[in-house]
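Colleague: Sending over run27.cif (mmCIF, C-alpha atoms).
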```
data_entry
#
loop_
_atom_site.label_atom_id
_atom_site.label_comp_id
_atom_site.auth_asym_id
_atom_site.auth_seq_id
_atom_site.Cartn_x
_atom_site.Cartn_y
_atom_site.Cartn_z
CA MET A 1 4.12 27.11 21.00
CA PRO A 2 5.63 30.55 21.75
CA LEU A 3 4.44 33.30 19.42
CA GLU A 4 7.93 34.27 18.24
CA VAL A 5 8.68 30.68 17.16
CA GLU A 6 5.25 30.40 15.53
CA GLU A 7 5.95 33.52 13.45
CA GLN A 8 9.30 32.17 12.30
CA GLU A 9 7.75 28.83 11.31
CA ALA A 10 4.79 30.56 9.63
CA ILE A 11 7.16 32.51 7.38
CA GLY A 12 8.82 29.25 6.39
CA ARG A 13 5.44 27.65 5.63
CA ARG A 14 4.39 30.60 3.46
CA ILE A 15 7.65 30.39 1.50
CA ARG A 16 7.06 26.68 0.92
CA GLN A 17 3.43 27.19 -0.13
CA GLN A 18 4.37 29.95 -2.54
CA ARG A 19 7.19 27.82 -4.00
CA LEU A 20 4.96 24.76 -4.45
CA GLY A 21 2.25 26.91 -6.01
CA LEU A 22 4.74 27.85 -8.72
CA GLY A 23 5.91 24.26 -9.18
CA MET A 24 9.42 25.28 -8.13
CA THR A 25 11.83 22.91 -6.43
CA GLN A 26 13.78 23.75 -3.30
CA ALA A 27 16.98 23.50 -5.31
CA ASP A 28 15.75 26.02 -7.89
CA LEU A 29 14.63 28.57 -5.30
CA ALA A 30 17.83 28.14 -3.32
CA ALA A 31 19.91 28.70 -6.47
CA ALA A 32 17.90 31.82 -7.30
CA VAL A 33 18.95 33.44 -4.01
CA GLY A 34 22.49 32.05 -3.97
CA LYS A 35 21.94 29.54 -1.17
CA THR A 36 22.02 25.76 -0.76
CA GLN A 37 19.00 23.48 -0.76
CA GLY A 38 19.83 22.50 2.83
CA TRP A 39 19.70 26.16 3.87
CA LEU A 40 16.31 26.66 2.24
CA SER A 41 14.98 23.47 3.84
CA LYS A 42 15.85 24.87 7.27
CA VAL A 43 14.17 28.18 6.42
CA GLU A 44 10.98 26.46 5.30
CA LYS A 45 10.93 24.40 8.51
CA GLY A 46 11.32 27.55 10.62
CA ARG A 47 14.78 26.61 11.86
CA LEU A 48 16.59 29.59 10.32
CA GLU A 49 15.66 33.22 10.83
CA LEU A 50 15.51 35.61 7.87
CA ASP A 51 17.09 38.68 9.45
CA ARG A 52 18.13 40.55 6.30
CA ALA A 53 15.65 42.63 4.33
CA ALA A 54 17.62 42.01 1.13
CA LEU A 55 17.29 38.25 1.54
CA ILE A 56 13.56 38.40 2.21
CA ASN A 57 13.17 40.60 -0.86
CA GLN A 58 15.25 38.25 -3.02
CA ILE A 59 13.15 35.25 -2.01
CA ALA A 60 9.94 37.18 -2.68
CA ALA A 61 11.21 38.30 -6.09
CA ALA A 62 12.11 34.73 -7.02
CA LEU A 63 8.61 33.64 -5.92
CA HIS A 64 6.97 36.52 -7.84
CA CYS A 65 5.20 37.95 -4.80
CA HIS A 66 5.49 40.96 -2.53
CA PRO A 67 7.67 40.42 0.58
CA ASN A 68 4.65 41.23 2.76
CA VAL A 69 2.99 38.04 1.51
CA LEU A 70 5.78 36.00 3.09
CA ILE A 71 6.05 37.89 6.38
CA GLU A 72 2.28 38.56 6.58
CA ARG A 73 2.61 42.28 7.05
CA PRO A 74 0.98 44.55 8.22
CA TYR A 75 1.04 42.86 11.58
CA ALA A 76 -2.04 42.50 13.74
CA GLY A 77 -2.15 44.81 16.75
CA SER A 78 -4.57 46.21 19.27
CA SER A 79 -7.72 48.01 18.11
CA ALA A 80 -5.95 51.32 18.72
CA ASP A 81 -2.92 50.17 16.70
CA ASN A 82 -5.16 49.13 13.80
CA GLN A 83 -7.01 52.43 13.47
CA TRP A 84 -4.55 53.59 10.82
CA HIS A 85 -6.18 51.28 8.26
CA ALA A 86 -9.18 53.62 8.02
CA ALA A 87 -6.89 56.61 7.44
CA ALA A 88 -4.96 54.67 4.78
CA ALA A 89 -8.21 53.84 3.00
CA SER A 90 -9.20 57.51 3.04
CA ILE A 91 -5.83 58.54 1.59
CA LEU A 92 -6.14 55.93 -1.17
CA ARG A 93 -9.54 57.35 -2.08
CA GLU A 94 -8.03 60.83 -2.49
CA LEU A 95 -5.12 59.50 -4.53
CA ARG A 96 -7.41 57.52 -6.84
CA ARG A 97 -9.47 60.62 -7.71
CA TYR A 98 -6.41 62.79 -8.30
CA ASP A 99 -7.63 64.08 -11.68
CA LEU A 100 -11.26 64.65 -10.68
CA THR A 101 -12.77 67.81 -9.24
CA PRO A 102 -11.75 67.83 -5.56
CA VAL A 103 -14.44 67.55 -2.91
CA PHE A 104 -13.66 70.42 -0.57
CA ASP A 105 -16.02 72.73 1.32
CA GLY A 106 -15.06 76.36 1.54
CA THR A 107 -12.01 78.22 0.26
CA PRO A 108 -8.63 76.47 0.45
CA ARG A 109 -5.89 78.26 2.34
CA PRO A 110 -2.89 79.79 0.54
CA SER A 111 0.08 77.53 -0.11
CA ALA A 112 2.15 79.33 2.56
CA ASP A 113 -0.39 78.22 5.17
CA LEU A 114 -0.31 74.65 3.89
CA TRP A 115 3.50 74.56 4.11
CA ARG A 116 3.19 75.68 7.73
CA GLU A 117 0.71 72.86 8.28
CA LEU A 118 3.31 70.42 6.98
CA LEU A 119 5.70 71.48 9.75
CA ARG A 120 3.58 69.41 12.14
CA LEU A 121 4.02 66.37 9.88
CA HIS A 122 7.78 66.92 9.94
CA ARG A 123 7.70 66.75 13.74
CA LEU A 124 5.55 63.62 13.64
CA ARG A 125 7.92 62.04 11.14
CA ASP A 126 10.92 62.81 13.33
CA ALA A 127 9.13 61.07 16.20
CA ALA A 128 8.21 58.13 13.93
CA ALA A 129 4.51 58.77 14.74
CA ASN A 130 3.33 57.18 11.52
CA ILE A 131 -0.26 56.54 12.56
CA ALA A 132 -0.73 60.22 13.44
CA ILE A 133 0.76 61.17 10.06
CA LEU A 134 -1.72 59.03 8.15
CA LYS A 135 -4.65 60.43 10.13
CA SER A 136 -3.58 63.99 9.23
CA LEU A 137 -3.13 63.45 5.51
CA PRO A 138 -6.62 63.00 3.96
CA ASP A 139 -7.69 66.58 4.69
CA LEU A 140 -4.34 67.96 3.50
CA PHE A 141 -4.58 66.05 0.23
CA ARG A 142 -8.08 67.43 -0.37
CA GLU A 143 -7.11 71.01 0.42
CA ALA A 144 -3.91 70.98 -1.62
CA ARG A 145 -5.74 69.53 -4.61
CA ALA A 146 -8.54 72.11 -4.20
CA LEU A 147 -5.99 74.92 -4.12
CA ALA A 148 -4.42 73.65 -7.33
CA GLU A 149 -7.89 73.65 -8.93
CA VAL A 150 -8.73 77.27 -8.12
CA SER A 151 -5.31 78.92 -8.48
CA SER A 152 -2.83 79.61 -11.26
CA GLY A 153 0.83 80.37 -11.84
CA HIS A 154 3.25 79.97 -8.95
CA GLU A 155 0.46 79.39 -6.40
CA ARG A 156 -0.84 76.45 -8.43
CA GLU A 157 2.66 75.01 -8.67
CA GLU A 158 3.10 75.33 -4.92
CA ALA A 159 -0.20 73.53 -4.35
CA PHE A 160 1.10 70.59 -6.39
CA ALA A 161 4.38 70.74 -4.45
CA VAL A 162 2.46 70.43 -1.18
CA TYR A 163 0.52 67.51 -2.68
CA ALA A 164 3.79 65.80 -3.71
CA VAL A 165 5.30 66.17 -0.24
CA CYS A 166 2.09 64.81 1.29
CA CYS A 167 2.59 61.80 -0.99
CA LYS A 168 6.08 61.41 0.44
CA PHE A 169 4.76 61.46 4.01
CA ALA A 170 2.14 58.85 3.07
CA HIS A 171 4.80 56.75 1.35
CA THR A 172 7.14 56.78 4.36
CA ALA A 173 4.37 55.95 6.84
CA ALA A 174 3.01 53.18 4.61
CA HIS A 175 6.48 51.62 4.39
CA ALA A 176 6.82 51.72 8.18
CA LEU A 177 3.41 50.15 8.78
CA GLY A 178 3.37 47.75 5.84
CA HIS A 179 0.72 48.84 3.31
CA PRO A 180 1.97 47.97 -0.21
CA GLU A 181 -1.00 49.45 -2.09
CA LEU A 182 -0.58 52.83 -0.43
CA ILE A 183 3.17 52.68 -0.99
CA ALA A 184 2.75 52.14 -4.73
CA MET A 185 0.00 54.71 -5.26
CA ALA A 186 1.68 57.40 -3.17
CA CYS A 187 4.82 56.97 -5.27
CA GLU A 188 2.88 57.26 -8.54
CA ARG A 189 1.02 60.38 -7.44
CA ALA A 190 4.23 61.95 -6.13
CA ALA A 191 5.77 61.62 -9.60
CA TRP A 192 2.65 63.14 -11.21
CA SER A 193 2.39 66.11 -8.86
CA ALA A 194 6.16 66.71 -8.82
CA GLN A 195 6.11 67.32 -12.57
CA LEU A 196 3.37 69.95 -12.09
CA SER A 197 5.00 71.63 -9.11
CA GLY A 198 7.64 73.77 -10.77
CA ASP A 199 10.09 72.57 -8.10
CA PRO A 200 13.20 71.36 -10.01
CA LEU A 201 14.16 68.95 -7.20
CA LEU A 202 10.81 67.24 -6.53
CA PRO A 203 11.03 64.84 -9.53
CA ALA A 204 14.32 63.58 -8.08
CA VAL A 205 12.65 63.15 -4.69
CA SER A 206 9.89 61.07 -6.31
CA ASP A 207 12.60 58.94 -7.97
CA TRP A 208 14.18 58.51 -4.52
CA MET A 209 10.82 57.07 -3.43
CA ARG A 210 10.76 54.72 -6.44
CA VAL A 211 14.23 53.43 -5.58
CA TRP A 212 12.95 52.44 -2.14
CA ASP A 213 10.10 50.52 -3.79
CA MET A 214 12.51 48.71 -6.11
CA TRP A 215 14.15 47.16 -3.07
CA ALA A 216 10.97 45.12 -2.45
CA THR A 217 11.58 43.25 -5.73
CA ALA A 218 15.38 43.05 -5.27
CA ASP A 219 15.98 45.11 -8.43
CA TRP A 220 19.32 46.42 -7.20
CA ASP A 221 20.75 47.34 -10.62
CA ASP A 222 17.59 49.20 -11.62
CA ALA A 223 17.65 51.02 -8.28
CA VAL A 224 21.15 52.33 -8.98
CA THR A 225 20.27 53.22 -12.58
CA LEU A 226 17.22 55.20 -11.44
CA THR A 227 19.32 56.93 -8.78
CA ASP A 228 21.82 58.04 -11.43
CA LYS A 229 18.96 59.34 -13.60
CA ALA A 230 17.71 61.43 -10.68
CA LEU A 231 21.22 62.66 -9.87
CA HIS A 232 21.76 63.76 -13.47
CA GLY A 233 18.59 65.82 -13.32
CA ILE A 234 19.78 67.91 -10.37
CA GLU A 235 23.48 68.05 -11.17
CA GLY A 236 23.41 71.74 -12.08
CA ASP A 237 21.74 72.79 -8.81
CA TYR A 238 24.12 70.57 -6.86
CA SER A 239 27.18 72.08 -8.54
CA ARG A 240 25.95 75.58 -7.70
CA GLY A 241 25.76 74.60 -4.02
CA ASP A 242 22.00 74.99 -3.61
CA LEU A 243 21.38 73.66 -0.07
CA LEU A 244 18.22 71.74 -0.94
CA ALA A 245 20.01 70.21 -3.92
CA LEU A 246 22.89 69.15 -1.66
CA ARG A 247 20.40 67.36 0.59
CA VAL A 248 18.62 65.63 -2.29
CA TRP A 249 21.94 64.66 -3.90
CA GLY A 250 23.33 63.23 -0.67
CA THR A 251 20.14 61.32 0.10
CA LEU A 252 20.12 59.78 -3.38
CA GLN A 253 23.73 58.70 -2.98
CA LEU A 254 22.83 56.98 0.29
CA ARG A 255 20.04 55.13 -1.52
CA ALA A 256 22.57 54.01 -4.14
CA ALA A 257 25.02 52.92 -1.43
CA VAL A 258 22.45 50.62 0.19
CA SER A 259 21.32 49.31 -3.22
CA SER A 260 24.91 48.49 -4.14
CA ALA A 261 25.59 46.81 -0.79
CA ARG A 262 22.51 44.63 -1.12
CA ASN A 263 23.80 43.67 -4.55
CA GLY A 264 27.10 42.63 -2.98
CA ASN A 265 29.07 45.45 -4.62
CA ALA A 266 31.20 46.76 -1.75
CA SER A 267 33.40 49.08 -3.83
CA GLU A 268 30.39 50.80 -5.43
CA ALA A 269 28.74 51.17 -2.01
CA ASP A 270 31.89 52.79 -0.61
CA ASP A 271 32.09 55.13 -3.59
CA ARG A 272 28.48 56.24 -3.09
CA LEU A 273 29.09 56.81 0.60
CA ALA A 274 32.05 59.00 -0.30
CA HIS A 275 29.83 61.12 -2.59
CA ALA A 276 27.23 61.42 0.17
CA ARG A 277 29.92 62.38 2.68
CA SER A 278 31.11 65.13 0.33
CA ALA A 279 27.56 66.45 -0.01
CA GLY A 280 27.23 66.40 3.78
CA THR A 281 30.44 68.37 4.21
CA ARG A 282 29.26 70.99 1.71
CA ALA A 283 25.85 71.20 3.38
CA ASP A 284 27.44 71.67 6.81
CA ALA A 285 29.61 74.47 5.39
CA TYR A 286 26.57 76.36 4.07
CA ALA A 287 26.61 79.91 5.47
CA GLY A 288 23.57 81.52 3.84
CA PRO A 289 20.14 82.28 5.25
CA PRO A 290 18.12 79.40 6.80
CA VAL A 291 16.49 77.16 4.22
CA TYR A 292 13.29 75.27 4.99
CA ASP A 293 13.68 71.53 4.30
CA ARG A 294 10.49 71.38 2.26
CA HIS A 295 11.30 67.93 0.87
CA SER A 296 11.58 66.37 4.35
CA LEU A 297 14.79 64.44 3.68
CA THR A 298 16.75 65.09 6.93
CA PHE A 299 20.11 64.62 5.20
CA SER A 300 23.12 65.29 7.43
CA ALA A 301 26.59 64.09 8.34
CA GLY A 302 25.02 61.92 11.03
CA ASN A 303 22.76 60.30 8.45
CA VAL A 304 25.82 59.43 6.36
CA GLN A 305 27.46 57.83 9.40
CA ILE A 306 24.53 55.57 10.23
CA HIS A 307 24.11 54.60 6.57
CA ALA A 308 27.77 53.54 6.50
CA ILE A 309 26.97 51.22 9.41
CA SER A 310 23.91 49.88 7.57
CA VAL A 311 26.00 49.26 4.46
CA ALA A 312 28.54 47.26 6.49
CA LEU A 313 25.71 45.10 7.84
CA GLU A 314 24.24 44.59 4.36
CA LEU A 315 27.67 43.26 3.41
CA SER A 316 27.58 40.93 6.48
CA ASN A 317 30.48 42.72 8.17
CA GLN A 318 29.19 43.28 11.69
CA GLY A 319 32.72 43.89 13.01
CA LYS A 320 33.14 46.87 10.68
CA ALA A 321 29.64 48.10 11.60
CA LEU A 322 30.48 48.10 15.31
CA GLU A 323 33.84 49.77 14.64
CA LEU A 324 32.18 52.50 12.57
CA ASN A 325 29.69 53.08 15.36
CA GLN A 326 32.53 53.41 17.85
CA ARG A 327 34.13 56.08 15.66
CA ALA A 328 30.90 57.95 14.87
CA ASP A 329 30.47 61.47 16.22
CA PRO A 330 27.96 61.23 19.11
CA GLN A 331 26.79 64.81 18.52
CA HIS A 332 25.98 64.07 14.88
CA LEU A 333 24.02 60.98 15.90
CA ALA A 334 22.18 62.78 18.70
CA ALA A 335 21.03 65.44 16.22
CA LEU A 336 19.18 62.86 14.13
CA PRO A 337 15.41 62.53 14.51
CA LYS A 338 14.07 59.67 16.61
CA SER A 339 12.94 57.80 13.50
CA ARG A 340 16.50 57.61 12.16
CA ARG A 341 18.02 56.82 15.56
CA GLY A 342 15.48 54.04 15.99
CA HIS A 343 16.65 52.49 12.72
CA HIS A 344 20.25 52.91 13.83
CA HIS A 345 19.75 51.06 17.11
CA MET A 346 17.94 48.27 15.23
CA ASP A 347 21.05 47.92 13.07
CA LEU A 348 23.28 47.85 16.15
CA ALA A 349 21.08 45.15 17.69
CA ARG A 350 21.70 42.96 14.65
CA ALA A 351 25.40 43.73 14.67
CA TRP A 352 25.80 42.71 18.32
CA LEU A 353 23.66 39.61 17.81
CA TRP A 354 25.76 38.46 14.87
CA ASP A 355 28.83 39.22 16.97
CA GLY A 356 27.57 36.82 19.64
CA ASN A 357 26.57 39.38 22.28
CA ARG A 358 22.85 38.81 22.89
CA SER A 359 22.78 41.06 25.96
CA ARG A 360 24.05 44.07 24.00
CA ALA A 361 21.72 43.20 21.13
CA LEU A 362 18.71 43.26 23.44
CA THR A 363 19.84 46.56 24.99
CA GLU A 364 20.06 48.16 21.53
CA LEU A 365 16.66 46.77 20.54
CA GLU A 366 15.11 48.16 23.72
CA GLN A 367 16.67 51.55 22.99
CA ALA A 368 15.26 51.44 19.45
CA GLU A 369 11.79 50.70 20.81
CA ARG A 370 12.00 53.55 23.34
CA LEU A 371 12.92 55.99 20.57
CA ALA A 372 10.44 54.87 17.90
CA PRO A 373 7.97 52.28 19.24
CA GLN A 374 5.60 52.26 16.24
CA LEU A 375 8.48 51.89 13.82
CA VAL A 376 10.27 49.12 15.69
CA ARG A 377 7.24 47.02 16.62
CA ASN A 378 6.16 47.01 12.96
CA HIS A 379 9.59 46.37 11.48
CA PRO A 380 10.20 42.80 10.23
CA ILE A 381 13.93 42.92 10.95
CA ALA A 382 13.38 44.09 14.52
CA ARG A 383 10.92 41.24 15.02
CA ALA A 384 13.36 38.75 13.49
CA THR A 385 16.16 40.02 15.72
CA LEU A 386 14.00 39.65 18.83
CA ARG A 387 13.00 36.12 17.80
CA GLN A 388 16.65 35.16 17.43
CA ILE A 389 17.49 36.53 20.87
CA VAL A 390 14.54 34.75 22.51
CA TYR A 391 15.24 31.47 20.76
CA ALA A 392 18.95 31.57 21.58
CA GLU A 393 18.26 32.39 25.23
CA ARG A 394 15.78 29.52 25.45
CA ALA A 395 18.27 27.10 23.89
CA SER A 396 21.02 28.26 26.26
CA THR A 397 18.77 27.88 29.31
CA ARG A 398 17.70 24.44 28.09
CA GLU A 399 21.31 23.28 27.94
CA GLN A 400 22.04 24.69 31.40
CA LEU A 401 19.03 22.85 32.81
CA ARG A 402 20.02 19.67 31.01
CA GLY A 403 23.42 19.76 32.67
CA MET A 404 21.90 20.47 36.08
CA SER A 405 19.35 17.66 35.71
CA SER A 406 22.20 15.28 34.97
CA ARG A 407 24.03 16.35 38.12
CA PHE A 408 20.80 15.86 40.09
CA GLN A 409 20.45 12.45 38.39
CA LEU A 410 17.08 13.32 36.86
CA ASP A 411 15.86 11.54 33.74
CA ASP A 412 17.00 13.76 30.82
CA GLN A 413 14.91 11.85 28.29
CA ALA A 414 11.72 12.40 30.23
CA LEU A 415 12.42 16.07 30.92
CA PHE A 416 13.78 16.94 27.46
CA PRO A 417 12.00 14.68 24.95
#
```
In structure tokens, how does this file's structure come out?
Modeller:
Amino acid sequence: MPLEVEEQEAIGRRIRQQRLGLGMTQADLAAAVGKTQGWLSKVEKGRLELDRAALINQIAAALHCHPNVLIERPYAGSSADNQWHAAAASILRELRRYDLTPVFDGTPRPSADLWRELLRLHRLRDAAANIAILKSLPDLFREARALAEVSSGHEREEAFAVYAVCCKFAHTAAHALGHPELIAMACERAAWSAQLSGDPLLPAVSDWMRVWDMWATADWDDAVTLTDKALHGIEGDYSRGDLLALRVWGTLQLRAAVSSARNGNASEADDRLAHARSAGTRADAYAGPPVYDRHSLTFSAGNVQIHAISVALELSNQGKALELNQRADPQHLAALPKSRRGHHHMDLARAWLWDGNRSRALTELEQAERLAPQLVRNHPIARATLRQIVYAERASTREQLRGMSSRFQLDDQALFP
């Protein structure tokens, strides 16, 4: 059996096993996610593809498990692809001993040097080089923690700020590669170090990370509530036009827009997008000295545009998504890092597939893979989209061959049992 069909059927089997383990009927699980029993039966038999993250998360939440249990993520790869597991284990060790005396030989560098070191991680993040990010982080965690131990005042606060941003890099890479334990612990340590950093915006950034984690359990209302809490905490800086605050504010609004869309609340999603668009306009109009994006949020007008397309897809409106893409400013999109553009082309692949154009869907998926191969090959929705394309092409070819065999007077029953 082809691997892509096996994966689809395996997901269905894991859903069934998890459901039966809880003593839950198909009808009960279907009702919990707003679907029919017949729909769930097809999913469990591997006849329907789960190509929406929100739906996978809803099923997992109803089954009281992490979505990765159902989709068996992280995915197996080559030995080179799997080397990141050792780096993840090393990072977890550092995060677990966060309040113990750091093990570091020599004298830690000043915080200014550590911030310069983080510039490399920004470039790796933009290229979606998540494995390289994880390999770089253990030493940075140790040195930042050592600096916090031996310094005081502003320098100590900056050491904790570096530590918090390292947590964010670990969190993003762990999401991309599928490591739930590292995701959870990086988020917890980010909140801890953000409070010690003296940076008034970092606690909001750590809440932004928590919102992302709430999606795994389909807690859409809590995600919006937490977003509003974070927004309230930075409202003063946002009102004053602080550029970093504009970026954090806009990024949080985009989180709320996606949360609302996944909850089926189109009007709230549109309202949040409007707030993000306003923040983007204000950020673009900034005329002061250059400001280093120390929080690594990459908020921009282009980011708002591609999130609007994502929101349309979350609301199952692929026609609107394709229209929004047609109207998007190409220069704004081209300015986005490869990681964001990779996500965008994955969204377009789904939009074209749902619109019935498998050729365009495959072209977009190929473009996504060229831009961010690690991201796309490890993304469950990209894999689901590819499975749908392959399966549909096989079914179409089968029907063409069936018709030809009839014209050649071959035995259809023997050829197509």
Colleague: Do you have the CA of Ala53 (chain A)-CA of Leu95 (chain A) distance handy?
Modeller: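 CA of Leu95 (chain A) lies at a distance of 28.2 Å from CA of Ala53 (chain A).
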Colleague: Can you measure CA of Leu63 (chain A) to CA of Arg19 (chain A) for me? One decimal in Å is fine.
Modeller: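 A separation of 6.3 Å between them.
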Colleague: Report as a PyMOL selection string the full result of the PyMOL selection byres ((chain A and resi 278) around 12) when it is applied to this structure.
Modeller: chain A and resi 238-239+241+246-247+249-251+253-254+271-277+279-285+300-301+304
Colleague: I'd like to know which of A:Ala161, A:Leu55, A:Ala321, A:Leu201 is closest to Ala30 (chain A), using all atoms listed in the file.
Modeller: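 With all atoms listed in the file as the atom set, the closest residue is A:Leu55.
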Colleague: I'd like to know which of A:Ile11, A:Ala62, A:Val205, A:Leu119 is closest to Ile234 (chain A), using all atoms listed in the file.
Modeller: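 Among A:Ile11, A:Ala62, A:Val205, A:Leu119, it is A:Val205 that comes nearest to Ile234 (chain A).
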Colleague: Find the distance between CA of Ala159 (chain A) and CA of Glu117 (chain A) and write it in Å to one decimal.
Modeller: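 Interatomic distance, CA of Ala159 (chain A) to CA of Glu117 (chain A): 12.7 Å.
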Colleague: Identify all residues satisfying the PyMOL selection byres ((chain A and resi 373) around 12) in the given file; provide them as a ChimeraX atom specification.
Modeller: /A:81,127-131,176-177,338-339,341-343,346,365-372,374-379,382
Colleague: I'd like the neighbourhood of Ala148 (chain A) as a list in words, where a residue qualifies if any of its atoms comes within 9 Å (using only C-alpha atoms), though same-chain residues fewer than 5 positions away should be ignored.
Modeller: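 Near Ala148 (chain A), the qualifying residues are Glu143, Glu155, Arg156, Glu157, Glu158, Ala159 and Phe160 of chain A.
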Colleague: Using the selection just defined, write its residues with C-alpha atoms as a PDB file, keeping the file's coordinate frame.
Modeller:
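Produced file part_28.pdb, reproduced below:
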```pdb
ATOM      1  CA  GLU A 143      -7.110  71.010   0.420  1.00  0.00           C
ATOM      2  CA  GLU A 155       0.460  79.390  -6.400  1.00  0.00           C
ATOM      3  CA  ARG A 156      -0.840  76.450  -8.430  1.00  0.00           C
ATOM      4  CA  GLU A 157       2.660  75.010  -8.670  1.00  0.00           C
ATOM      5  CA  GLU A 158       3.100  75.330  -4.920  1.00  0.00           C
ATOM      6  CA  ALA A 159      -0.200  73.530  -4.350  1.00  0.00           C
ATOM      7  CA  PHE A 160       1.100  70.590  -6.390  1.00  0.00           C
TER       8      PHE A 160
END
```
Colleague: Determine the residue set returned by the PyMOL selection byres ((chain A and resi 195) around 12) for the present structure, and present it as an NGL selection string.
Modeller: :A and (157-158 or 160-161 or 163-164 or 188-194 or 196-207)
Colleague: Kindly provide, as AutoDock Vina command-line options, the centre and edge lengths (Å, one decimal) of an axis-aligned box around all atoms of region 365-368 of chain A given in the file, with 6 Å on each side.
Modeller:
```
--center_x 15.9 --center_y 49.2 --center_z 21.6 --size_x 13.6 --size_y 16.8 --size_z 16.3
```
Colleague: Go through A:Leu100, A:Arg383, A:Leu252, A:Arg125 one by one, measure the shortest atom-to-atom distance of each to Leu336 (chain A) using all atoms listed in the file, and give the residue with the smallest value.
Modeller: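 That would be A:Arg125, the residue with the smallest distance to Leu336 (chain A).
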Colleague: With only C-alpha atoms as the basis for distance, which of A:Arg240, A:Arg16, A:Arg210, A:Arg262 is at the shortest distance from Asn57 (chain A)?
Modeller: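 Smallest distance to Asn57 (chain A) is found for A:Arg262.
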Colleague: List the spatial neighbours of region 309-313 of chain A as a list of chain:residue names - criterion: any atom at most 8 Å away, only C-alpha atoms, same-chain residues fewer than 5 positions off excluded.
Modeller: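 So the residues in contact are A:Ala257, A:Val258, A:Ala261, A:Ala269, A:Gln318, A:Lys320, A:Ala321, A:Leu322, A:Leu324, A:Asn325, A:His344, A:Asp347, A:Ala351.
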Colleague: Keeping C-alpha atoms for every residue in the selection just given, could you write it to a file as a PDB file, in the frame of the given file?
Modeller:
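selection12.pdb was written with the following content:
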```
ATOM      1  CA  ALA A 257      25.020  52.920  -1.430  1.00  0.00           C
ATOM      2  CA  VAL A 258      22.450  50.620   0.190  1.00  0.00           C
ATOM      3  CA  ALA A 261      25.590  46.810  -0.790  1.00  0.00           C
ATOM      4  CA  ALA A 269      28.740  51.170  -2.010  1.00  0.00           C
ATOM      5  CA  GLN A 318      29.190  43.280  11.690  1.00  0.00           C
ATOM      6  CA  LYS A 320      33.140  46.870  10.680  1.00  0.00           C
ATOM      7  CA  ALA A 321      29.640  48.100  11.600  1.00  0.00           C
ATOM      8  CA  LEU A 322      30.480  48.100  15.310  1.00  0.00           C
ATOM      9  CA  LEU A 324      32.180  52.500  12.570  1.00  0.00           C
ATOM     10  CA  ASN A 325      29.690  53.080  15.360  1.00  0.00           C
ATOM     11  CA  HIS A 344      20.250  52.910  13.830  1.00  0.00           C
ATOM     12  CA  ASP A 347      21.050  47.920  13.070  1.00  0.00           C
ATOM     13  CA  ALA A 351      25.400  43.730  14.670  1.00  0.00           C
TER      14      ALA A 351
END
```
Colleague: Write out as an MDAnalysis selection string each polymer residue whose atoms come within 10 Å of Glu49 (chain A), counting all atoms listed in the file; drop sequence neighbours fewer than 4 positions from it.
Modeller: chainID A and resid 5 8:9 11:12 42:44 381 384:385 387:388
Colleague: Using all atoms listed in the file for the distances, tell me which of A:Ala230, A:Ala144, A:Tyr286, A:Asp51 is nearest to Ile389 (chain A).
Modeller: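 Among the listed residues, the smallest separation from Ile389 (chain A) belongs to A:Asp51.
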Colleague: Considering only C-alpha atoms, can you say which of A:Leu114, A:Leu70, A:Leu134, A:Ala31 comes closest to Pro380 (chain A)?
Modeller: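 Looking only at the distances to Pro380 (chain A), the closest residue turns out to be A:Leu70.
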